[in-house]
Amino acid sequence: MTRRSKRMGFQLRKVTCLLAACATFMAGHVTTASAQSDGPLRIEITDGVIEPLPFAIPDFVPEDGGASDFARSIARVIAADLASTGLFREIPQDAFISGVTNFSSPVAYADWKAINAQALITGAVSSSGDSINVKFRVFDVFSGQPLGEGLQFSGGAAGWRRMAHKVADIVYSRITGESGYFDSRVVFVAESGPKNARRKRLAIMDYDGANVQYLTDSSALVLAPRFSPQGDRVLYTSYETGFPQVYVLDVATVGRRVLSSQEGTMTFAPRFSPDGRTVVYSLSAGGNTDLYTMDIASGQARRLTQAPSIETAPSFSPDGSSIVFESDRSGSQQLYVMPATGGEATRISFGQGRYGTPVWSPRGDLIAFTKQNAGRFHIGVMRTDGSEERLLTASFLDEGPTWSPNGRVIMFTRESQGETGEASLYSVDITGRNLRRVLTEGAASDPAWSPLLN
Amino acid sequence: MKHIAMTALFVGALAVSACSNDRFGNGRFGGGSGDFVAGSPSDPRSPAYFNQTIGDRVLFAVDQSTLSQEGVQVLTQQATWLMENTSYTAVIEGHADEQGTREYNLALGARRASAVQNFLIDRGVAPNRLQTVSYGKERPLEICSDELCYSKNRRAVTVLAAGAITS
């Protein structure tokens with residue numbers, strides 16, 4: 001059970017005989033990330049979850065001088081990750097009866113039970129040069145058992161937030177049975193300037209808004225970036241040449257190249273196929289917008305639709321077999337599904353209003369969309385056949401949903417009204433609960449969530 | 001009737017000039033201030049005349065790219081001017097109001113720009129002098145969030161440039 005990240009050099013391994021309490025620990029019921037837990041500590045994520053699960057997380061124990069900078073910060077990031085889901089509620093530290101000063105000491109379950117903590121997360125940090133090691137354990141307080149194995153990560157100290165997110169992902173996973181989404185990034189458009197002269201640049205950040213890096217300057221308008229399935233490349237639309245064209249950018253080097261530049265055409269609304277080799281996008285020529293795919297390696301383009309109507313905002317199904325897109329062929333914008341090679345399209349949206357920007361969920365079960373009806377905008381989800389439509393938000397202008405890697409949360413752009421109106425990022429659960437603003441330095445739009453990093 | 005429409009348009013263009021400081025509201029060439037100076041809006045060969053006296057833009061109904069009667073009048077004069085002033089080329093910018101998704105509005109702006117381009121070509125302007133671009137809802141001229149502003153933002157603007165289009 002050793003995982004290794006090429007990018008960050010994290011190592012994840014069991015905390016085994018490092019622990020004095022090793023024997024007890026291993027005897028406790030062990031769950032893996034995706035396994036069913038039969039213990040009482042379990043959140044079933046359904047529409048019925050209303051009461052968040054209370055958890056306690058003391059500051060992690062610094063095991064040497066160099067670790068003290070991180071011991072508290074890491075615990076704080078874990079707590080923020082869990083609380084941000086709306087599924088967990090942190091018990092304030094000033095309510096604690098006992099503290100944790102030694103990672104190996106037995107857990108005083110009664111003290112945590114007394115303050116109604118159902119889950120307890122403890123950890124310790126040690127340092128060695130520029131590296132830190134983070135170990136942690138999760139306890140089911142009411143059954144008096146560890147929940148899963150103790151684990152530890154080591155890696156560069158600069159990656160401490162990622163280590164915290166990884167811990168939070170594992171805790172989330174053990175308690176909900178779902179994979180997590182905290183160790184992920186979001187590429188978006190950072191905006192500044194007045195509404196009629198907006199300056200836009202591509203930026204990338206951790207899912208929680210930390211560690212912002214800019215990928216382009218604001219000399220040219222940029223729109224709607226999208227991650228590759230591996231998270232290493234970004235597709236976006238830029239007005240660099242004066243005309244909108246799709247570009248592909250390498251995240252590590254920030255090098256970019258135009259995907260296709262055919263004189264007299266505009267390209268936009270790109271997305272990767274699930275294998276990362278093909279891009280589907282819109283191309284406008286002579287005022288007509290249709291869908292195309294392009295093989296990235298060969299540059300070979302293929303036309304998928306041929307209609308006088310607007311066909312745009314395409315998104316692949318996770319198995320790569322189908323594409324959902326919007327078209328106004330019926331007279332107003334509606335959602336359609338067609339084979340990934342083109343061919344007959346089936347309309348799936350039939351409610352009141354106009355539907356756009358469909359995005360297939362990473363689980364394959366739902367399609368998120370933007371809906372415009374009666375002067376309001378909504379983010380919603382429906383099944384892939386169009387049934388069971390549910391609207392999750394409503395405002396003056398919500399648009400452009402993107403899925404969390406586990407398909408439980410949707411991030412989108414919300415623009416406020418009027419002359420001082422500006423864009424910001426929000427997230428909402430697919431249950432419609434837990435609407436919250438994603439904190440960014442300035443105005444921000446067009447978020448696209450990366451896959452879970454590894 | 002035609003005269004009245006023209007006057008209204010001229011006033012509209014001036015109002016636009018007064019409150020906008022980027023090229024998405026004005027043509028690339030600002031109007032001069034003198035009444036009879038070459039290059040001023042009263043000089044029929046000047047870009048300022050094109051932008052302000054003829055009018056560099058046409059407006060569209062919600063979600064539409066069909067030219068209005070007023071639009072046809074303006075574009076007819078634009079075509080005549082372009083035929084008489086062959087040293088200019090133009091990029092036609094299509095725009096949409098903010099009610100709509102980014103992608104759809106890009107496609108809608110492309111339709112609007114193309115409608116203008118096709119009209120000008122039909123009236124005899126050489127196709128290689130005209131290019132189109134869509135800005136979707138990215139470059140509103142007016143920034144309020146009601147129909148007063150939206151109606152001015154749903155536009156196609158013929159932006160003059162000196163010299164031939166390079167390809």
# chains A, B, ... in the order shown; residues from 1 in each chain; ligands from 1
$ select_by_dssp --residues "region 40-123 of chain B" --states "strand (DSSP E or B)" --output "list in words"
Arg57, Val58, Leu59, Tyr88, Thr89, Ala90, Val91, Ile92, Glu93, Gly94 and His95 of chain B
$ write_last_selection --atoms "all heavy atoms" --output "mmCIF file, in the first residue's frame"
data_model
loop_
_atom_site.group_PDB
_atom_site.id
_atom_site.type_symbol
_atom_site.label_atom_id
_atom_site.label_comp_id
_atom_site.auth_asym_id
_atom_site.auth_seq_id
_atom_site.Cartn_x
_atom_site.Cartn_y
_atom_site.Cartn_z
ATOM 1 N N ARG B 57 -22.661 51.194 -36.520
ATOM 2 C CA ARG B 57 -23.234 49.994 -35.898
ATOM 3 C C ARG B 57 -24.703 49.819 -36.222
ATOM 4 O O ARG B 57 -25.390 50.783 -36.546
ATOM 5 C CB ARG B 57 -23.077 50.075 -34.390
ATOM 6 C CG ARG B 57 -24.004 51.114 -33.744
ATOM 7 C CD ARG B 57 -23.473 51.526 -32.423
ATOM 8 N NE ARG B 57 -22.080 51.942 -32.553
ATOM 9 C CZ ARG B 57 -21.232 52.045 -31.558
ATOM 10 N NH1 ARG B 57 -21.629 51.771 -30.340
ATOM 11 N NH2 ARG B 57 -20.002 52.430 -31.755
ATOM 12 N N VAL B 58 -25.125 48.584 -36.089
ATOM 13 C CA VAL B 58 -26.550 48.278 -36.173
ATOM 14 C C VAL B 58 -26.921 47.459 -34.940
ATOM 15 O O VAL B 58 -26.072 46.773 -34.363
ATOM 16 C CB VAL B 58 -26.883 47.490 -37.460
ATOM 17 C CG1 VAL B 58 -26.604 48.352 -38.689
ATOM 18 C CG2 VAL B 58 -26.108 46.194 -37.539
ATOM 19 N N LEU B 59 -28.176 47.575 -34.552
ATOM 20 C CA LEU B 59 -28.642 46.906 -33.331
ATOM 21 C C LEU B 59 -29.591 45.758 -33.683
ATOM 22 O O LEU B 59 -30.198 45.752 -34.754
ATOM 23 C CB LEU B 59 -29.350 47.920 -32.417
ATOM 24 C CG LEU B 59 -28.515 49.150 -32.041
ATOM 25 C CD1 LEU B 59 -29.316 50.085 -31.137
ATOM 26 C CD2 LEU B 59 -27.209 48.751 -31.358
ATOM 27 N N TYR B 88 -9.825 51.611 -47.287
ATOM 28 C CA TYR B 88 -10.157 51.103 -45.954
ATOM 29 C C TYR B 88 -10.651 49.656 -46.020
ATOM 30 O O TYR B 88 -11.332 49.270 -46.971
ATOM 31 C CB TYR B 88 -11.244 51.961 -45.296
ATOM 32 C CG TYR B 88 -10.761 53.339 -44.941
ATOM 33 C CD1 TYR B 88 -10.947 54.403 -45.826
ATOM 34 C CD2 TYR B 88 -10.097 53.571 -43.742
ATOM 35 C CE1 TYR B 88 -10.491 55.678 -45.510
ATOM 36 C CE2 TYR B 88 -9.643 54.844 -43.422
ATOM 37 C CZ TYR B 88 -9.842 55.885 -44.310
ATOM 38 O OH TYR B 88 -9.379 57.130 -43.987
ATOM 39 N N THR B 89 -10.280 48.924 -44.998
ATOM 40 C CA THR B 89 -10.879 47.611 -44.785
ATOM 41 C C THR B 89 -11.685 47.696 -43.488
ATOM 42 O O THR B 89 -11.676 48.734 -42.816
ATOM 43 C CB THR B 89 -9.801 46.525 -44.641
ATOM 44 O OG1 THR B 89 -8.983 46.858 -43.526
ATOM 45 C CG2 THR B 89 -8.954 46.434 -45.904
ATOM 46 N N ALA B 90 -12.360 46.634 -43.143
ATOM 47 C CA ALA B 90 -13.152 46.681 -41.910
ATOM 48 C C ALA B 90 -13.212 45.318 -41.240
ATOM 49 O O ALA B 90 -13.201 44.279 -41.900
ATOM 50 C CB ALA B 90 -14.570 47.165 -42.211
ATOM 51 N N VAL B 91 -13.224 45.371 -39.920
ATOM 52 C CA VAL B 91 -13.533 44.179 -39.130
ATOM 53 C C VAL B 91 -14.906 44.416 -38.514
ATOM 54 O O VAL B 91 -15.134 45.437 -37.860
ATOM 55 C CB VAL B 91 -12.492 43.937 -38.018
ATOM 56 C CG1 VAL B 91 -12.907 42.751 -37.157
ATOM 57 C CG2 VAL B 91 -11.116 43.717 -38.614
ATOM 58 N N ILE B 92 -15.813 43.491 -38.762
ATOM 59 C CA ILE B 92 -17.159 43.636 -38.210
ATOM 60 C C ILE B 92 -17.236 42.835 -36.924
ATOM 61 O O ILE B 92 -17.022 41.616 -36.915
ATOM 62 C CB ILE B 92 -18.211 43.159 -39.223
ATOM 63 C CG1 ILE B 92 -18.070 43.958 -40.517
ATOM 64 C CG2 ILE B 92 -19.609 43.287 -38.641
ATOM 65 C CD1 ILE B 92 -18.549 43.209 -41.734
ATOM 66 N N GLU B 93 -17.505 43.558 -35.841
ATOM 67 C CA GLU B 93 -17.562 42.925 -34.522
ATOM 68 C C GLU B 93 -19.008 42.619 -34.154
ATOM 69 O O GLU B 93 -19.838 43.525 -34.136
ATOM 70 C CB GLU B 93 -17.010 43.872 -33.454
ATOM 71 C CG GLU B 93 -15.557 44.257 -33.648
ATOM 72 C CD GLU B 93 -15.115 45.273 -32.612
ATOM 73 O OE1 GLU B 93 -15.983 45.862 -31.926
ATOM 74 O OE2 GLU B 93 -13.898 45.498 -32.507
ATOM 75 N N GLY B 94 -19.279 41.370 -33.830
ATOM 76 C CA GLY B 94 -20.609 41.005 -33.357
ATOM 77 C C GLY B 94 -20.622 40.921 -31.839
ATOM 78 O O GLY B 94 -19.693 40.370 -31.242
ATOM 79 N N HIS B 95 -21.656 41.496 -31.224
ATOM 80 C CA HIS B 95 -21.753 41.521 -29.761
ATOM 81 C C HIS B 95 -23.139 41.070 -29.307
ATOM 82 O O HIS B 95 -24.115 41.195 -30.044
ATOM 83 C CB HIS B 95 -21.529 42.936 -29.233
ATOM 84 C CG HIS B 95 -20.184 43.519 -29.518
ATOM 85 N ND1 HIS B 95 -19.127 43.400 -28.653
ATOM 86 C CD2 HIS B 95 -19.727 44.213 -30.585
ATOM 87 C CE1 HIS B 95 -18.071 44.020 -29.160
ATOM 88 N NE2 HIS B 95 -18.401 44.521 -30.340
#
$ interface_residues --of "chain B" --to "chain A" --cutoff "9 Å" --atoms "only C-alpha atoms" --output "ChimeraX atom specification"
/B:20,22,24,98-104,106-115,117-118,131-135,138-146,167
$ atom_distance --atom1 "CA of Thr66 (chain B)" --atom2 "CA of Pro127 (chain B)"
20.0 Å
$ residues_around --residues "Phe272 (chain A)" --least-positions-apart "5" --cutoff "6 Å" --atoms "only C-alpha atoms" --output "ChimeraX atom specification"
/A:228,278-279
$ residues_around --residues "Ala61 (chain B)" --least-positions-apart "4" --cutoff "9 Å" --atoms "only C-alpha atoms" --output "VMD selection string"
chain B and resid 65 to 68 151 154
$ atom_distance --atom1 "CA of Gly159 (chain A)" --atom2 "CA of Pro447 (chain A)"
22.6 Å
$ residues_around --residues "Asn105 (chain B)" --least-positions-apart "6" --cutoff "7 Å" --atoms "only C-alpha atoms" --output "list of chain:residue names"
B:Ala96, B:Gly136, B:Lys137
$ write_last_selection --atoms "N, CA and C atoms" --output "compact mmCIF listing (two decimals), in the first residue's frame"
# COMPACT_ATOMS: atom_id res chain seq x y z
N ALA B 96 -23.19 40.63 -28.06
CA ALA B 96 -24.47 40.22 -27.47
C ALA B 96 -24.64 40.90 -26.12
N GLY B 136 -19.11 38.08 -28.33
CA GLY B 136 -20.13 37.56 -27.42
C GLY B 136 -20.58 38.64 -26.46
N LYS B 137 -20.60 38.31 -25.17
CA LYS B 137 -20.99 39.32 -24.16
C LYS B 137 -19.78 39.93 -23.47
$ atom_distance --atom1 "CA of Ala210 (chain A)" --atom2 "CA of Ser128 (chain A)"
24.8 Å
$ closest_residue --among "A:Phe55, A:Phe70, A:Trp449, A:Tyr336" --to "Phe96 (chain A)" --atoms "only C-alpha atoms"
A:Phe55
$ residues_around --residues "Ala83 (chain A)" --least-positions-apart "5" --cutoff "12 Å" --atoms "only C-alpha atoms" --output "ChimeraX atom specification"
/A:52-57,76-78,88-92,168,171-172,182,208,434,436
$ residues_around --residues "Trp403 (chain A)" --least-positions-apart "2" --cutoff "8 Å" --atoms "only C-alpha atoms" --output "PyMOL selection string"
chain A and resi 359+361-362+401+405-411+448-449
$ write_last_selection --atoms "N, CA, C and O atoms" --output "mmCIF file, in the first residue's frame"
data_model
loop_
_atom_site.group_PDB
_atom_site.id
_atom_site.type_symbol
_atom_site.label_atom_id
_atom_site.label_comp_id
_atom_site.auth_asym_id
_atom_site.auth_seq_id
_atom_site.Cartn_x
_atom_site.Cartn_y
_atom_site.Cartn_z
ATOM 1 N N VAL A 359 -22.533 19.638 -18.966
ATOM 2 C CA VAL A 359 -21.272 18.987 -18.614
ATOM 3 C C VAL A 359 -21.579 17.623 -18.006
ATOM 4 O O VAL A 359 -22.326 17.526 -17.031
ATOM 5 N N SER A 361 -21.122 14.423 -15.822
ATOM 6 C CA SER A 361 -20.471 14.202 -14.533
ATOM 7 C C SER A 361 -19.395 13.126 -14.683
ATOM 8 O O SER A 361 -19.506 12.246 -15.526
ATOM 9 N N PRO A 362 -18.335 13.200 -13.841
ATOM 10 C CA PRO A 362 -17.282 12.190 -13.926
ATOM 11 C C PRO A 362 -17.787 10.785 -13.603
ATOM 12 O O PRO A 362 -17.182 9.799 -14.007
ATOM 13 N N PRO A 401 -21.248 25.322 -15.168
ATOM 14 C CA PRO A 401 -20.922 24.373 -14.096
ATOM 15 C C PRO A 401 -19.688 23.535 -14.418
ATOM 16 O O PRO A 401 -19.402 23.259 -15.577
ATOM 17 N N PRO A 405 -14.021 16.228 -8.738
ATOM 18 C CA PRO A 405 -13.572 14.933 -9.254
ATOM 19 C C PRO A 405 -14.447 13.764 -8.821
ATOM 20 O O PRO A 405 -14.520 12.767 -9.524
ATOM 21 N N ASN A 406 -15.135 13.893 -7.694
ATOM 22 C CA ASN A 406 -15.979 12.774 -7.249
ATOM 23 C C ASN A 406 -17.445 12.933 -7.656
ATOM 24 O O ASN A 406 -18.292 12.123 -7.272
ATOM 25 N N GLY A 407 -17.752 13.982 -8.399
ATOM 26 C CA GLY A 407 -19.122 14.129 -8.892
ATOM 27 C C GLY A 407 -20.145 14.494 -7.827
ATOM 28 O O GLY A 407 -21.344 14.315 -8.038
ATOM 29 N N ARG A 408 -19.698 15.032 -6.678
ATOM 30 C CA ARG A 408 -20.642 15.392 -5.608
ATOM 31 C C ARG A 408 -20.899 16.896 -5.546
ATOM 32 O O ARG A 408 -21.876 17.330 -4.928
ATOM 33 N N VAL A 409 -19.984 17.694 -6.094
ATOM 34 C CA VAL A 409 -20.043 19.148 -5.923
ATOM 35 C C VAL A 409 -19.894 19.805 -7.296
ATOM 36 O O VAL A 409 -19.191 19.279 -8.163
ATOM 37 N N ILE A 410 -20.558 20.912 -7.475
ATOM 38 C CA ILE A 410 -20.461 21.661 -8.728
ATOM 39 C C ILE A 410 -19.981 23.072 -8.413
ATOM 40 O O ILE A 410 -20.491 23.722 -7.500
ATOM 41 N N MET A 411 -18.979 23.519 -9.160
ATOM 42 C CA MET A 411 -18.527 24.906 -9.047
ATOM 43 C C MET A 411 -19.009 25.641 -10.287
ATOM 44 O O MET A 411 -19.157 25.042 -11.352
ATOM 45 N N ALA A 448 -12.853 25.513 -13.903
ATOM 46 C CA ALA A 448 -12.856 24.121 -14.374
ATOM 47 C C ALA A 448 -12.034 23.318 -13.393
ATOM 48 O O ALA A 448 -10.884 23.644 -13.103
ATOM 49 N N TRP A 449 -12.661 22.286 -12.860
ATOM 50 C CA TRP A 449 -12.058 21.482 -11.804
ATOM 51 C C TRP A 449 -11.130 20.456 -12.411
ATOM 52 O O TRP A 449 -11.475 19.826 -13.421
#
$ decode --residues "region 229-243 of chain A" --atoms "N, CA, C and O atoms" --output "PDB file, in the first residue's frame"
ATOM      1  N   PRO A 229      -7.750  15.410 -18.806  1.00  0.00           N
ATOM      2  CA  PRO A 229      -8.088  14.387 -17.805  1.00  0.00           C
ATOM      3  C   PRO A 229      -6.919  14.068 -16.876  1.00  0.00           C
ATOM      4  O   PRO A 229      -7.127  13.591 -15.774  1.00  0.00           O
ATOM      5  N   GLN A 230      -5.711  14.343 -17.312  1.00  0.00           N
ATOM      6  CA  GLN A 230      -4.547  14.110 -16.456  1.00  0.00           C
ATOM      7  C   GLN A 230      -4.185  15.365 -15.651  1.00  0.00           C
ATOM      8  O   GLN A 230      -3.296  15.320 -14.806  1.00  0.00           O
ATOM      9  N   GLY A 231      -4.819  16.478 -15.954  1.00  0.00           N
ATOM     10  CA  GLY A 231      -4.555  17.715 -15.227  1.00  0.00           C
ATOM     11  C   GLY A 231      -3.280  18.412 -15.658  1.00  0.00           C
ATOM     12  O   GLY A 231      -2.883  19.411 -15.058  1.00  0.00           O
ATOM     13  N   ASP A 232      -2.623  17.923 -16.713  1.00  0.00           N
ATOM     14  CA  ASP A 232      -1.333  18.502 -17.101  1.00  0.00           C
ATOM     15  C   ASP A 232      -1.460  19.589 -18.163  1.00  0.00           C
ATOM     16  O   ASP A 232      -0.545  20.367 -18.365  1.00  0.00           O
ATOM     17  N   ARG A 233      -2.597  19.637 -18.850  1.00  0.00           N
ATOM     18  CA  ARG A 233      -2.788  20.626 -19.904  1.00  0.00           C
ATOM     19  C   ARG A 233      -4.118  21.345 -19.721  1.00  0.00           C
ATOM     20  O   ARG A 233      -5.035  20.825 -19.084  1.00  0.00           O
ATOM     21  N   VAL A 234      -4.204  22.523 -20.329  1.00  0.00           N
ATOM     22  CA  VAL A 234      -5.426  23.310 -20.245  1.00  0.00           C
ATOM     23  C   VAL A 234      -5.787  23.781 -21.653  1.00  0.00           C
ATOM     24  O   VAL A 234      -4.927  24.293 -22.376  1.00  0.00           O
ATOM     25  N   LEU A 235      -7.014  23.595 -22.027  1.00  0.00           N
ATOM     26  CA  LEU A 235      -7.551  24.171 -23.263  1.00  0.00           C
ATOM     27  C   LEU A 235      -8.247  25.471 -22.904  1.00  0.00           C
ATOM     28  O   LEU A 235      -8.903  25.561 -21.862  1.00  0.00           O
ATOM     29  N   TYR A 236      -8.140  26.465 -23.755  1.00  0.00           N
ATOM     30  CA  TYR A 236      -8.867  27.706 -23.504  1.00  0.00           C
ATOM     31  C   TYR A 236      -9.002  28.475 -24.815  1.00  0.00           C
ATOM     32  O   TYR A 236      -8.390  28.125 -25.825  1.00  0.00           O
ATOM     33  N   THR A 237      -9.785  29.519 -24.764  1.00  0.00           N
ATOM     34  CA  THR A 237      -9.983  30.372 -25.929  1.00  0.00           C
ATOM     35  C   THR A 237      -9.307  31.705 -25.670  1.00  0.00           C
ATOM     36  O   THR A 237      -9.479  32.287 -24.601  1.00  0.00           O
ATOM     37  N   SER A 238      -8.508  32.173 -26.642  1.00  0.00           N
ATOM     38  CA  SER A 238      -7.816  33.451 -26.481  1.00  0.00           C
ATOM     39  C   SER A 238      -8.015  34.325 -27.704  1.00  0.00           C
ATOM     40  O   SER A 238      -8.111  33.821 -28.831  1.00  0.00           O
ATOM     41  N   TYR A 239      -8.041  35.637 -27.455  1.00  0.00           N
ATOM     42  CA  TYR A 239      -8.126  36.620 -28.544  1.00  0.00           C
ATOM     43  C   TYR A 239      -6.740  37.155 -28.912  1.00  0.00           C
ATOM     44  O   TYR A 239      -6.621  38.255 -29.445  1.00  0.00           O
ATOM     45  N   GLU A 240      -5.724  36.367 -28.622  1.00  0.00           N
ATOM     46  CA  GLU A 240      -4.343  36.770 -28.886  1.00  0.00           C
ATOM     47  C   GLU A 240      -4.134  37.353 -30.287  1.00  0.00           C
ATOM     48  O   GLU A 240      -3.407  38.319 -30.472  1.00  0.00           O
ATOM     49  N   THR A 241      -4.748  36.744 -31.294  1.00  0.00           N
ATOM     50  CA  THR A 241      -4.574  37.214 -32.675  1.00  0.00           C
ATOM     51  C   THR A 241      -5.625  38.248 -33.056  1.00  0.00           C
ATOM     52  O   THR A 241      -5.656  38.702 -34.195  1.00  0.00           O
ATOM     53  N   GLY A 242      -6.494  38.599 -32.116  1.00  0.00           N
ATOM     54  CA  GLY A 242      -7.611  39.481 -32.439  1.00  0.00           C
ATOM     55  C   GLY A 242      -8.886  38.701 -32.720  1.00  0.00           C
ATOM     56  O   GLY A 242      -9.968  39.271 -32.766  1.00  0.00           O
ATOM     57  N   PHE A 243      -8.738  37.409 -32.924  1.00  0.00           N
ATOM     58  CA  PHE A 243      -9.877  36.543 -33.221  1.00  0.00           C
ATOM     59  C   PHE A 243      -9.858  35.369 -32.251  1.00  0.00           C
ATOM     60  O   PHE A 243      -8.783  34.844 -31.956  1.00  0.00           O
TER      61      PHE A 243
END
